[in-house]
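J.: Please find final06.pdb (PDB, N, CA, C and O atoms) on the next line:
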```
ATOM      1  N   MET A 242       3.289  -8.277 -20.026
ATOM      2  CA  MET A 242       4.537  -7.565 -20.176
ATOM      3  C   MET A 242       5.570  -8.570 -20.666
ATOM      4  O   MET A 242       5.872  -9.537 -19.989
ATOM      5  N   ARG A 243       6.097  -8.363 -21.842
ATOM      6  CA  ARG A 243       7.046  -9.324 -22.391
ATOM      7  C   ARG A 243       8.470  -8.975 -21.972
ATOM      8  O   ARG A 243       8.763  -7.850 -21.603
ATOM      9  N   ASP A 244       9.324  -9.975 -22.060
ATOM     10  CA  ASP A 244      10.746  -9.791 -21.783
ATOM     11  C   ASP A 244      11.028  -9.293 -20.375
ATOM     12  O   ASP A 244      11.915  -8.486 -20.164
ATOM     13  N   VAL A 245      10.277  -9.779 -19.404
ATOM     14  CA  VAL A 245      10.534  -9.398 -18.016
ATOM     15  C   VAL A 245      11.771 -10.156 -17.551
ATOM     16  O   VAL A 245      11.821 -11.372 -17.584
ATOM     17  N   PHE A 246      12.769  -9.419 -17.148
ATOM     18  CA  PHE A 246      14.025  -9.986 -16.685
ATOM     19  C   PHE A 246      13.895 -10.437 -15.231
ATOM     20  O   PHE A 246      14.354 -11.494 -14.849
ATOM     21  N   HIS A 247      13.247  -9.623 -14.424
ATOM     22  CA  HIS A 247      13.098  -9.924 -13.002
ATOM     23  C   HIS A 247      11.937  -9.097 -12.460
ATOM     24  O   HIS A 247      11.725  -7.974 -12.881
ATOM     25  N   ARG A 248      11.209  -9.668 -11.510
ATOM     26  CA  ARG A 248      10.132  -8.906 -10.875
ATOM     27  C   ARG A 248       9.920  -9.418  -9.458
ATOM     28  O   ARG A 248      10.097 -10.595  -9.180
ATOM     29  N   VAL A 249       9.541  -8.506  -8.599
ATOM     30  CA  VAL A 249       9.169  -8.826  -7.227
ATOM     31  C   VAL A 249       7.877  -8.079  -6.962
ATOM     32  O   VAL A 249       7.797  -6.869  -7.170
ATOM     33  N   VAL A 250       6.861  -8.805  -6.524
ATOM     34  CA  VAL A 250       5.568  -8.195  -6.211
ATOM     35  C   VAL A 250       5.242  -8.513  -4.759
ATOM     36  O   VAL A 250       5.270  -9.672  -4.357
ATOM     37  N   VAL A 251       4.934  -7.483  -3.984
ATOM     38  CA  VAL A 251       4.607  -7.652  -2.568
ATOM     39  C   VAL A 251       3.220  -7.071  -2.315
ATOM     40  O   VAL A 251       2.952  -5.916  -2.659
ATOM     41  N   ASP A 252       2.350  -7.887  -1.726
ATOM     42  CA  ASP A 252       1.017  -7.415  -1.337
ATOM     43  C   ASP A 252       1.175  -6.597  -0.053
ATOM     44  O   ASP A 252       1.535  -7.127   0.990
ATOM     45  N   THR A 253       0.938  -5.312  -0.146
ATOM     46  CA  THR A 253       1.076  -4.428   1.013
ATOM     47  C   THR A 253      -0.284  -4.056   1.621
ATOM     48  O   THR A 253      -0.373  -3.171   2.445
ATOM     49  N   SER A 254      -1.326  -4.764   1.181
ATOM     50  CA  SER A 254      -2.683  -4.417   1.617
ATOM     51  C   SER A 254      -3.109  -5.150   2.879
ATOM     52  O   SER A 254      -4.208  -4.910   3.372
ATOM     53  N   GLY A 255      -2.281  -6.045   3.367
ATOM     54  CA  GLY A 255      -2.681  -6.824   4.525
ATOM     55  C   GLY A 255      -3.550  -8.009   4.157
ATOM     56  O   GLY A 255      -4.253  -8.557   4.988
ATOM     57  N   GLY A 256      -3.521  -8.387   2.874
ATOM     58  CA  GLY A 256      -4.240  -9.582   2.449
ATOM     59  C   GLY A 256      -5.470  -9.365   1.603
ATOM     60  O   GLY A 256      -6.051 -10.328   1.118
ATOM     61  N   CYS A 257      -5.889  -8.137   1.370
ATOM     62  CA  CYS A 257      -7.107  -7.920   0.575
ATOM     63  C   CYS A 257      -6.802  -7.717  -0.917
ATOM     64  O   CYS A 257      -7.711  -7.455  -1.695
ATOM     65  N   ASP A 258      -5.546  -7.867  -1.298
ATOM     66  CA  ASP A 258      -5.129  -7.776  -2.707
ATOM     67  C   ASP A 258      -5.520  -6.462  -3.379
ATOM     68  O   ASP A 258      -5.936  -6.445  -4.531
ATOM     69  N   ALA A 259      -5.369  -5.360  -2.672
ATOM     70  CA  ALA A 259      -5.733  -4.066  -3.245
ATOM     71  C   ALA A 259      -4.573  -3.079  -3.293
ATOM     72  O   ALA A 259      -4.703  -2.006  -3.857
ATOM     73  N   SER A 260      -3.433  -3.448  -2.710
ATOM     74  CA  SER A 260      -2.290  -2.548  -2.662
ATOM     75  C   SER A 260      -1.009  -3.367  -2.828
ATOM     76  O   SER A 260      -0.812  -4.362  -2.129
ATOM     77  N   PHE A 261      -0.162  -2.933  -3.763
ATOM     78  CA  PHE A 261       1.036  -3.694  -4.070
ATOM     79  C   PHE A 261       2.242  -2.780  -4.225
ATOM     80  O   PHE A 261       2.116  -1.628  -4.655
ATOM     81  N   ALA A 262       3.405  -3.325  -3.903
ATOM     82  CA  ALA A 262       4.684  -2.672  -4.168
ATOM     83  C   ALA A 262       5.443  -3.606  -5.102
ATOM     84  O   ALA A 262       5.455  -4.824  -4.882
ATOM     85  N   ILE A 263       6.043  -3.046  -6.149
ATOM     86  CA  ILE A 263       6.745  -3.902  -7.109
ATOM     87  C   ILE A 263       8.135  -3.368  -7.424
ATOM     88  O   ILE A 263       8.409  -2.173  -7.319
ATOM     89  N   LYS A 264       8.988  -4.312  -7.799
ATOM     90  CA  LYS A 264      10.293  -4.026  -8.396
ATOM     91  C   LYS A 264      10.290  -4.796  -9.696
ATOM     92  O   LYS A 264       9.934  -5.980  -9.724
ATOM     93  N   ILE A 265      10.672  -4.142 -10.786
ATOM     94  CA  ILE A 265      10.618  -4.791 -12.089
ATOM     95  C   ILE A 265      11.829  -4.404 -12.935
ATOM     96  O   ILE A 265      12.291  -3.269 -12.874
ATOM     97  N   VAL A 266      12.314  -5.376 -13.679
ATOM     98  CA  VAL A 266      13.465  -5.164 -14.563
ATOM     99  C   VAL A 266      13.038  -5.573 -15.971
ATOM    100  O   VAL A 266      12.615  -6.707 -16.190
ATOM    101  N   LEU A 267      13.130  -4.628 -16.901
ATOM    102  CA  LEU A 267      12.708  -4.862 -18.286
ATOM    103  C   LEU A 267      13.721  -4.297 -19.269
ATOM    104  O   LEU A 267      14.200  -3.175 -19.074
ATOM    105  N   GLU A 268      13.994  -5.037 -20.314
ATOM    106  CA  GLU A 268      14.824  -4.494 -21.392
ATOM    107  C   GLU A 268      14.143  -3.294 -22.034
ATOM    108  O   GLU A 268      14.799  -2.366 -22.490
ATOM    109  N   GLN A 269      12.834  -3.301 -22.044
ATOM    110  CA  GLN A 269      12.023  -2.235 -22.642
ATOM    111  C   GLN A 269      12.274  -0.877 -21.976
ATOM    112  O   GLN A 269      11.976   0.160 -22.551
ATOM    113  N   PHE A 270      12.830  -0.865 -20.769
ATOM    114  CA  PHE A 270      13.107   0.387 -20.066
ATOM    115  C   PHE A 270      14.349   1.102 -20.593
ATOM    116  O   PHE A 270      14.572   2.267 -20.266
ATOM    117  N   GLU A 271      15.145   0.423 -21.394
ATOM    118  CA  GLU A 271      16.387   1.009 -21.899
ATOM    119  C   GLU A 271      16.106   2.334 -22.607
ATOM    120  O   GLU A 271      15.242   2.437 -23.472
ATOM    121  N   GLY A 272      16.825   3.375 -22.188
ATOM    122  CA  GLY A 272      16.690   4.693 -22.801
ATOM    123  C   GLY A 272      15.466   5.480 -22.355
ATOM    124  O   GLY A 272      15.230   6.586 -22.847
ATOM    125  N   LYS A 273      14.700   4.931 -21.421
ATOM    126  CA  LYS A 273      13.479   5.604 -20.957
ATOM    127  C   LYS A 273      13.727   6.267 -19.606
ATOM    128  O   LYS A 273      14.429   5.756 -18.762
ATOM    129  N   ARG A 274      13.104   7.411 -19.416
ATOM    130  CA  ARG A 274      13.151   8.091 -18.113
ATOM    131  C   ARG A 274      12.219   7.373 -17.152
ATOM    132  O   ARG A 274      11.364   6.596 -17.560
ATOM    133  N   LEU A 275      12.373   7.677 -15.866
ATOM    134  CA  LEU A 275      11.597   6.990 -14.837
ATOM    135  C   LEU A 275      10.088   7.111 -15.068
ATOM    136  O   LEU A 275       9.358   6.122 -14.965
ATOM    137  N   LEU A 276       9.611   8.291 -15.401
ATOM    138  CA  LEU A 276       8.180   8.476 -15.638
ATOM    139  C   LEU A 276       7.699   7.604 -16.793
ATOM    140  O   LEU A 276       6.624   6.986 -16.722
ATOM    141  N   GLU A 277       8.485   7.510 -17.853
ATOM    142  CA  GLU A 277       8.123   6.665 -18.989
ATOM    143  C   GLU A 277       8.075   5.195 -18.580
ATOM    144  O   GLU A 277       7.205   4.448 -19.025
ATOM    145  N   ARG A 278       8.993   4.795 -17.724
ATOM    146  CA  ARG A 278       9.017   3.414 -17.239
ATOM    147  C   ARG A 278       7.760   3.113 -16.427
ATOM    148  O   ARG A 278       7.145   2.061 -16.587
ATOM    149  N   HIS A 279       7.355   4.039 -15.589
ATOM    150  CA  HIS A 279       6.135   3.862 -14.800
ATOM    151  C   HIS A 279       4.917   3.780 -15.721
ATOM    152  O   HIS A 279       4.002   2.987 -15.468
ATOM    153  N   ARG A 280       4.904   4.561 -16.760
ATOM    154  CA  ARG A 280       3.782   4.521 -17.712
ATOM    155  C   ARG A 280       3.707   3.166 -18.412
ATOM    156  O   ARG A 280       2.611   2.652 -18.670
ATOM    157  N   ILE A 281       4.858   2.590 -18.735
ATOM    158  CA  ILE A 281       4.890   1.263 -19.363
ATOM    159  C   ILE A 281       4.261   0.228 -18.431
ATOM    160  O   ILE A 281       3.441  -0.587 -18.850
ATOM    161  N   VAL A 282       4.643   0.261 -17.168
ATOM    162  CA  VAL A 282       4.103  -0.680 -16.176
ATOM    163  C   VAL A 282       2.604  -0.462 -16.017
ATOM    164  O   VAL A 282       1.816  -1.409 -16.053
ATOM    165  N   ASN A 283       2.187   0.776 -15.849
ATOM    166  CA  ASN A 283       0.759   1.068 -15.679
ATOM    167  C   ASN A 283      -0.062   0.649 -16.890
ATOM    168  O   ASN A 283      -1.170   0.129 -16.741
ATOM    169  N   ALA A 284       0.471   0.847 -18.083
ATOM    170  CA  ALA A 284      -0.243   0.445 -19.303
ATOM    171  C   ALA A 284      -0.376  -1.080 -19.375
ATOM    172  O   ALA A 284      -1.435  -1.600 -19.750
ATOM    173  N   ALA A 285       0.685  -1.786 -19.002
ATOM    174  CA  ALA A 285       0.648  -3.246 -19.029
ATOM    175  C   ALA A 285      -0.329  -3.815 -18.003
ATOM    176  O   ALA A 285      -0.886  -4.894 -18.193
ATOM    177  N   LEU A 286      -0.541  -3.080 -16.925
ATOM    178  CA  LEU A 286      -1.440  -3.525 -15.854
ATOM    179  C   LEU A 286      -2.790  -2.821 -15.894
ATOM    180  O   LEU A 286      -3.501  -2.773 -14.884
ATOM    181  N   GLU A 287      -3.162  -2.297 -17.041
ATOM    182  CA  GLU A 287      -4.381  -1.502 -17.163
ATOM    183  C   GLU A 287      -5.612  -2.212 -16.601
ATOM    184  O   GLU A 287      -6.364  -1.633 -15.813
ATOM    185  N   GLU A 288      -5.831  -3.454 -16.964
ATOM    186  CA  GLU A 288      -7.008  -4.180 -16.480
ATOM    187  C   GLU A 288      -6.911  -4.445 -14.976
ATOM    188  O   GLU A 288      -7.887  -4.284 -14.252
ATOM    189  N   GLU A 289      -5.715  -4.850 -14.518
ATOM    190  CA  GLU A 289      -5.519  -5.126 -13.094
ATOM    191  C   GLU A 289      -5.705  -3.868 -12.249
ATOM    192  O   GLU A 289      -6.182  -3.933 -11.121
ATOM    193  N   MET A 290      -5.334  -2.718 -12.805
ATOM    194  CA  MET A 290      -5.423  -1.460 -12.061
ATOM    195  C   MET A 290      -6.868  -1.106 -11.710
ATOM    196  O   MET A 290      -7.110  -0.355 -10.776
ATOM    197  N   LYS A 291      -7.816  -1.669 -12.419
ATOM    198  CA  LYS A 291      -9.229  -1.418 -12.110
ATOM    199  C   LYS A 291      -9.618  -2.031 -10.763
ATOM    200  O   LYS A 291     -10.571  -1.586 -10.138
ATOM    201  N   GLN A 292      -8.866  -3.051 -10.320
ATOM    202  CA  GLN A 292      -9.144  -3.745  -9.068
ATOM    203  C   GLN A 292      -8.187  -3.356  -7.944
ATOM    204  O   GLN A 292      -8.416  -3.704  -6.792
ATOM    205  N   ILE A 293      -7.108  -2.651  -8.290
ATOM    206  CA  ILE A 293      -6.071  -2.315  -7.314
ATOM    207  C   ILE A 293      -6.292  -0.913  -6.770
ATOM    208  O   ILE A 293      -6.544   0.018  -7.529
ATOM    209  N   HIS A 294      -6.160  -0.772  -5.470
ATOM    210  CA  HIS A 294      -6.294   0.538  -4.837
ATOM    211  C   HIS A 294      -5.009   1.349  -4.970
ATOM    212  O   HIS A 294      -5.040   2.548  -5.216
ATOM    213  N   ALA A 295      -3.851   0.682  -4.819
ATOM    214  CA  ALA A 295      -2.572   1.397  -4.865
ATOM    215  C   ALA A 295      -1.482   0.498  -5.437
ATOM    216  O   ALA A 295      -1.421  -0.684  -5.142
ATOM    217  N   LEU A 296      -0.622   1.109  -6.246
ATOM    218  CA  LEU A 296       0.538   0.419  -6.805
ATOM    219  C   LEU A 296       1.742   1.309  -6.607
ATOM    220  O   LEU A 296       1.775   2.449  -7.075
ATOM    221  N   SER A 297       2.737   0.798  -5.914
ATOM    222  CA  SER A 297       3.980   1.531  -5.682
ATOM    223  C   SER A 297       5.090   0.838  -6.468
ATOM    224  O   SER A 297       5.400  -0.325  -6.201
ATOM    225  N   ILE A 298       5.657   1.542  -7.443
ATOM    226  CA  ILE A 298       6.752   0.988  -8.232
ATOM    227  C   ILE A 298       8.044   1.399  -7.546
ATOM    228  O   ILE A 298       8.492   2.538  -7.671
ATOM    229  N   LYS A 299       8.616   0.475  -6.787
ATOM    230  CA  LYS A 299       9.804   0.764  -5.984
ATOM    231  C   LYS A 299      11.060   0.860  -6.834
ATOM    232  O   LYS A 299      11.918   1.701  -6.594
ATOM    233  N   LYS A 300      11.189  -0.023  -7.809
ATOM    234  CA  LYS A 300      12.338  -0.025  -8.720
ATOM    235  C   LYS A 300      11.827  -0.347 -10.109
ATOM    236  O   LYS A 300      10.967  -1.210 -10.286
ATOM    237  N   ALA A 301      12.362   0.339 -11.107
ATOM    238  CA  ALA A 301      12.060   0.070 -12.509
ATOM    239  C   ALA A 301      13.387   0.192 -13.255
ATOM    240  O   ALA A 301      13.768   1.280 -13.673
ATOM    241  N   HIS A 302      14.106  -0.924 -13.355
ATOM    242  CA  HIS A 302      15.457  -0.926 -13.895
ATOM    243  C   HIS A 302      15.556  -1.648 -15.233
ATOM    244  O   HIS A 302      14.744  -2.517 -15.535
ATOM    245  N   THR A 303      16.620  -1.324 -15.958
ATOM    246  CA  THR A 303      17.018  -2.124 -17.111
ATOM    247  C   THR A 303      17.816  -3.309 -16.568
ATOM    248  O   THR A 303      18.302  -3.265 -15.431
ATOM    249  N   PRO A 304      17.991  -4.367 -17.352
ATOM    250  CA  PRO A 304      18.818  -5.479 -16.878
ATOM    251  C   PRO A 304      20.235  -5.042 -16.499
ATOM    252  O   PRO A 304      20.790  -5.526 -15.513
ATOM    253  N   GLU A 305      20.817  -4.115 -17.239
ATOM    254  CA  GLU A 305      22.166  -3.640 -16.934
ATOM    255  C   GLU A 305      22.198  -2.902 -15.593
ATOM    256  O   GLU A 305      23.128  -3.092 -14.794
ATOM    257  N   GLN A 306      21.207  -2.073 -15.332
ATOM    258  CA  GLN A 306      21.139  -1.367 -14.048
ATOM    259  C   GLN A 306      20.990  -2.363 -12.900
ATOM    260  O   GLN A 306      21.610  -2.216 -11.854
ATOM    261  N   TRP A 307      20.166  -3.380 -13.087
ATOM    262  CA  TRP A 307      19.959  -4.405 -12.070
ATOM    263  C   TRP A 307      21.270  -5.135 -11.785
ATOM    264  O   TRP A 307      21.642  -5.351 -10.641
ATOM    265  N   LYS A 308      21.963  -5.498 -12.864
ATOM    266  CA  LYS A 308      23.237  -6.207 -12.727
ATOM    267  C   LYS A 308      24.251  -5.354 -11.966
ATOM    268  O   LYS A 308      24.911  -5.835 -11.043
ATOM    269  N   GLN A 309      24.371  -4.096 -12.326
ATOM    270  CA  GLN A 309      25.316  -3.200 -11.657
ATOM    271  C   GLN A 309      24.973  -3.042 -10.181
ATOM    272  O   GLN A 309      25.859  -3.044  -9.325
ATOM    273  N   GLN A 310      23.701  -2.913  -9.870
ATOM    274  CA  GLN A 310      23.268  -2.748  -8.484
ATOM    275  C   GLN A 310      23.619  -3.983  -7.656
ATOM    276  O   GLN A 310      24.108  -3.876  -6.534
ATOM    277  N   HIS A 311      23.389  -5.158  -8.209
ATOM    278  CA  HIS A 311      23.646  -6.381  -7.455
ATOM    279  C   HIS A 311      25.129  -6.715  -7.374
ATOM    280  O   HIS A 311      25.564  -7.303  -6.384
ATOM    281  N   GLU A 312      25.898  -6.340  -8.366
ATOM    282  CA  GLU A 312      27.347  -6.539  -8.289
ATOM    283  C   GLU A 312      27.948  -5.636  -7.222
ATOM    284  O   GLU A 312      28.882  -6.022  -6.529
ATOM    285  N   ALA A 313      27.405  -4.441  -7.060
ATOM    286  CA  ALA A 313      27.897  -3.509  -6.051
ATOM    287  C   ALA A 313      27.604  -4.029  -4.640
ATOM    288  O   ALA A 313      28.330  -3.708  -3.704
ATOM    289  N   LYS A 314      26.572  -4.844  -4.475
ATOM    290  CA  LYS A 314      26.202  -5.371  -3.169
ATOM    291  C   LYS A 314      26.976  -6.624  -2.787
ATOM    292  O   LYS A 314      26.985  -7.019  -1.628
ATOM    293  N   LYS A 315      27.606  -7.282  -3.769
ATOM    294  CA  LYS A 315      28.347  -8.503  -3.485
ATOM    295  C   LYS A 315      29.537  -8.203  -2.591
ATOM    296  O   LYS A 315      30.237  -7.213  -2.807
ATOM    297  N   PRO A 316      29.784  -9.067  -1.621
ATOM    298  CA  PRO A 316      30.963  -8.845  -0.773
ATOM    299  C   PRO A 316      32.246  -9.030  -1.572
ATOM    300  O   PRO A 316      32.338  -9.898  -2.430
ATOM    301  N   LYS A 317      33.204  -8.179  -1.319
ATOM    302  CA  LYS A 317      34.485  -8.237  -2.002
ATOM    303  C   LYS A 317      35.354  -9.302  -1.324
ATOM    304  O   LYS A 317      35.403  -9.378  -0.099
ATOM    305  N   PRO A 318      36.066 -10.114  -2.124
ATOM    306  CA  PRO A 318      36.951 -11.107  -1.511
ATOM    307  C   PRO A 318      38.130 -10.413  -0.824
ATOM    308  O   PRO A 318      38.613  -9.388  -1.297
ATOM    309  N   ASN A 319      38.537 -10.963   0.288
ATOM    310  CA  ASN A 319      39.681 -10.406   1.015
ATOM    311  C   ASN A 319      40.974 -10.709   0.270
ATOM    312  O   ASN A 319      41.223 -11.850  -0.088
ATOM    313  N   THR A 320      41.758  -9.675   0.048
ATOM    314  CA  THR A 320      43.036  -9.874  -0.638
ATOM    315  C   THR A 320      44.180  -9.402   0.207
ATOM    316  O   THR A 320      44.057  -8.668   1.110
TER     317      THR A 320
END
```
Could you write out this file's structure as structure tokens?

T.:
Amino acid sequence: MRDVFHRVVVDTSGGCDASFAIKIVLEQFEGKRLLERHRIVNAALEEEMKQIHALSIKKAHTPEQWKQQHEAKKPKPNT
């Protein structure tokens, strides 16, 4: 997967490497609906999916969406 801005992969299988939860940020997601974004991820992981029991895509954001989400979480300075 090219141009990955940010990714987080968590093994949720208890150590057997068969179940994962991911958060991914790609410029390629721009203008795409959520289902299309999931298809992009699944297509990129086609070979890996043969060995994986479950993949949960928790977040699939554009870089701008990621930036907005993290700016909203920043504490506001006291004025």

J.: Output the residue selection produced by the PyMOL selection byres ((chain A and resi 270-283) around 8) on the file above, formatted as a PDB file with N, CA, C and O atoms, in the frame of the given file.

T.:
```pdb
ATOM      1  N   MET A 242       3.289  -8.277 -20.026  1.00  0.00           N
ATOM      2  CA  MET A 242       4.537  -7.565 -20.176  1.00  0.00           C
ATOM      3  C   MET A 242       5.570  -8.570 -20.666  1.00  0.00           C
ATOM      4  O   MET A 242       5.872  -9.537 -19.989  1.00  0.00           O
ATOM      5  N   ASP A 244       9.324  -9.975 -22.060  1.00  0.00           N
ATOM      6  CA  ASP A 244      10.746  -9.791 -21.783  1.00  0.00           C
ATOM      7  C   ASP A 244      11.028  -9.293 -20.375  1.00  0.00           C
ATOM      8  O   ASP A 244      11.915  -8.486 -20.164  1.00  0.00           O
ATOM      9  N   VAL A 266      12.314  -5.376 -13.679  1.00  0.00           N
ATOM     10  CA  VAL A 266      13.465  -5.164 -14.563  1.00  0.00           C
ATOM     11  C   VAL A 266      13.038  -5.573 -15.971  1.00  0.00           C
ATOM     12  O   VAL A 266      12.615  -6.707 -16.190  1.00  0.00           O
ATOM     13  N   LEU A 267      13.130  -4.628 -16.901  1.00  0.00           N
ATOM     14  CA  LEU A 267      12.708  -4.862 -18.286  1.00  0.00           C
ATOM     15  C   LEU A 267      13.721  -4.297 -19.269  1.00  0.00           C
ATOM     16  O   LEU A 267      14.200  -3.175 -19.074  1.00  0.00           O
ATOM     17  N   GLU A 268      13.994  -5.037 -20.314  1.00  0.00           N
ATOM     18  CA  GLU A 268      14.824  -4.494 -21.392  1.00  0.00           C
ATOM     19  C   GLU A 268      14.143  -3.294 -22.034  1.00  0.00           C
ATOM     20  O   GLU A 268      14.799  -2.366 -22.490  1.00  0.00           O
ATOM     21  N   GLN A 269      12.834  -3.301 -22.044  1.00  0.00           N
ATOM     22  CA  GLN A 269      12.023  -2.235 -22.642  1.00  0.00           C
ATOM     23  C   GLN A 269      12.274  -0.877 -21.976  1.00  0.00           C
ATOM     24  O   GLN A 269      11.976   0.160 -22.551  1.00  0.00           O
ATOM     25  N   ALA A 284       0.471   0.847 -18.083  1.00  0.00           N
ATOM     26  CA  ALA A 284      -0.243   0.445 -19.303  1.00  0.00           C
ATOM     27  C   ALA A 284      -0.376  -1.080 -19.375  1.00  0.00           C
ATOM     28  O   ALA A 284      -1.435  -1.600 -19.750  1.00  0.00           O
ATOM     29  N   ALA A 285       0.685  -1.786 -19.002  1.00  0.00           N
ATOM     30  CA  ALA A 285       0.648  -3.246 -19.029  1.00  0.00           C
ATOM     31  C   ALA A 285      -0.329  -3.815 -18.003  1.00  0.00           C
ATOM     32  O   ALA A 285      -0.886  -4.894 -18.193  1.00  0.00           O
ATOM     33  N   LEU A 286      -0.541  -3.080 -16.925  1.00  0.00           N
ATOM     34  CA  LEU A 286      -1.440  -3.525 -15.854  1.00  0.00           C
ATOM     35  C   LEU A 286      -2.790  -2.821 -15.894  1.00  0.00           C
ATOM     36  O   LEU A 286      -3.501  -2.773 -14.884  1.00  0.00           O
ATOM     37  N   GLU A 287      -3.162  -2.297 -17.041  1.00  0.00           N
ATOM     38  CA  GLU A 287      -4.381  -1.502 -17.163  1.00  0.00           C
ATOM     39  C   GLU A 287      -5.612  -2.212 -16.601  1.00  0.00           C
ATOM     40  O   GLU A 287      -6.364  -1.633 -15.813  1.00  0.00           O
ATOM     41  N   GLU A 288      -5.831  -3.454 -16.964  1.00  0.00           N
ATOM     42  CA  GLU A 288      -7.008  -4.180 -16.480  1.00  0.00           C
ATOM     43  C   GLU A 288      -6.911  -4.445 -14.976  1.00  0.00           C
ATOM     44  O   GLU A 288      -7.887  -4.284 -14.252  1.00  0.00           O
ATOM     45  N   GLU A 289      -5.715  -4.850 -14.518  1.00  0.00           N
ATOM     46  CA  GLU A 289      -5.519  -5.126 -13.094  1.00  0.00           C
ATOM     47  C   GLU A 289      -5.705  -3.868 -12.249  1.00  0.00           C
ATOM     48  O   GLU A 289      -6.182  -3.933 -11.121  1.00  0.00           O
ATOM     49  N   MET A 290      -5.334  -2.718 -12.805  1.00  0.00           N
ATOM     50  CA  MET A 290      -5.423  -1.460 -12.061  1.00  0.00           C
ATOM     51  C   MET A 290      -6.868  -1.106 -11.710  1.00  0.00           C
ATOM     52  O   MET A 290      -7.110  -0.355 -10.776  1.00  0.00           O
ATOM     53  N   ILE A 298       5.657   1.542  -7.443  1.00  0.00           N
ATOM     54  CA  ILE A 298       6.752   0.988  -8.232  1.00  0.00           C
ATOM     55  C   ILE A 298       8.044   1.399  -7.546  1.00  0.00           C
ATOM     56  O   ILE A 298       8.492   2.538  -7.671  1.00  0.00           O
ATOM     57  N   ALA A 301      12.362   0.339 -11.107  1.00  0.00           N
ATOM     58  CA  ALA A 301      12.060   0.070 -12.509  1.00  0.00           C
ATOM     59  C   ALA A 301      13.387   0.192 -13.255  1.00  0.00           C
ATOM     60  O   ALA A 301      13.768   1.280 -13.673  1.00  0.00           O
ATOM     61  N   HIS A 302      14.106  -0.924 -13.355  1.00  0.00           N
ATOM     62  CA  HIS A 302      15.457  -0.926 -13.895  1.00  0.00           C
ATOM     63  C   HIS A 302      15.556  -1.648 -15.233  1.00  0.00           C
ATOM     64  O   HIS A 302      14.744  -2.517 -15.535  1.00  0.00           O
ATOM     65  N   THR A 303      16.620  -1.324 -15.958  1.00  0.00           N
ATOM     66  CA  THR A 303      17.018  -2.124 -17.111  1.00  0.00           C
ATOM     67  C   THR A 303      17.816  -3.309 -16.568  1.00  0.00           C
ATOM     68  O   THR A 303      18.302  -3.265 -15.431  1.00  0.00           O
ATOM     69  N   PRO A 304      17.991  -4.367 -17.352  1.00  0.00           N
ATOM     70  CA  PRO A 304      18.818  -5.479 -16.878  1.00  0.00           C
ATOM     71  C   PRO A 304      20.235  -5.042 -16.499  1.00  0.00           C
ATOM     72  O   PRO A 304      20.790  -5.526 -15.513  1.00  0.00           O
TER      73      PRO A 304
END
```

J.: Run DSSP on the backbone and tell me which residues of chain A come out as strand (DSSP E); list them as a list in words.

T.: Val245, Phe246, His247, Arg248, Val249, Val250, Val251, Asp252, Ser260, Phe261, Ala262, Ile263, Lys264, Ile265, Val266, Leu267, Ala295, Leu296, Ser297, Ile298, Lys299, Lys300, Ala301 and His302 of chain A

J.: Could you check how far CA of Ile293 (chain A) sits from CA of Gln310 (chain A), in Å to one decimal?

T.: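 Distance between the two atoms: 29.4 Å.
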
J.: Using only C-alpha atoms, pick whichever of A:Asp258, A:Asn319, A:Val249, A:Ala313 has the shortest atom-to-atom distance to Lys300 (chain A).

T.: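 The answer is A:Val249, which sits nearest to Lys300 (chain A).
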
J.: Could you check the closest approach to Lys264 (chain A) for each of A:Lys299, A:Val251, A:Phe246, A:Lys314 and tell me which residue wins, using only C-alpha atoms?

T.: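 Of A:Lys299, A:Val251, A:Phe246, A:Lys314, the one nearest Lys264 (chain A), counting only C-alpha atoms, is A:Lys299.
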
J.: Go ahead and compute the interatomic distance for CA of Arg248 (chain A) and CA of Phe261 (chain A), in Å to one decimal.

T.: 12.5 Å

J.: Record the distance separating atom N of Ser260 (chain A) and atom C of His294 (chain A), expressed in Å with one decimal.

T.: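 Between atom N of Ser260 (chain A) and atom C of His294 (chain A) the gap is 5.5 Å.
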
J.: Around all listed atoms of region 262-274 of chain A, padded 4 Å per side, what centre and edge lengths does the axis-aligned box have in Å to one decimal, as JSON?

T.:
```
{"center_x": 10.1, "center_y": 0.7, "center_z": -13.7, "size_x": 21.4, "size_y": 22.8, "size_z": 27.6}
```

J.: Per DSSP on the backbone, filter chain A down to the residues in helix (DSSP H, G or I) and report them as a VMD selection string.

T.: chain A and resid 268 to 270 275 to 285 287 to 290 304 to 314
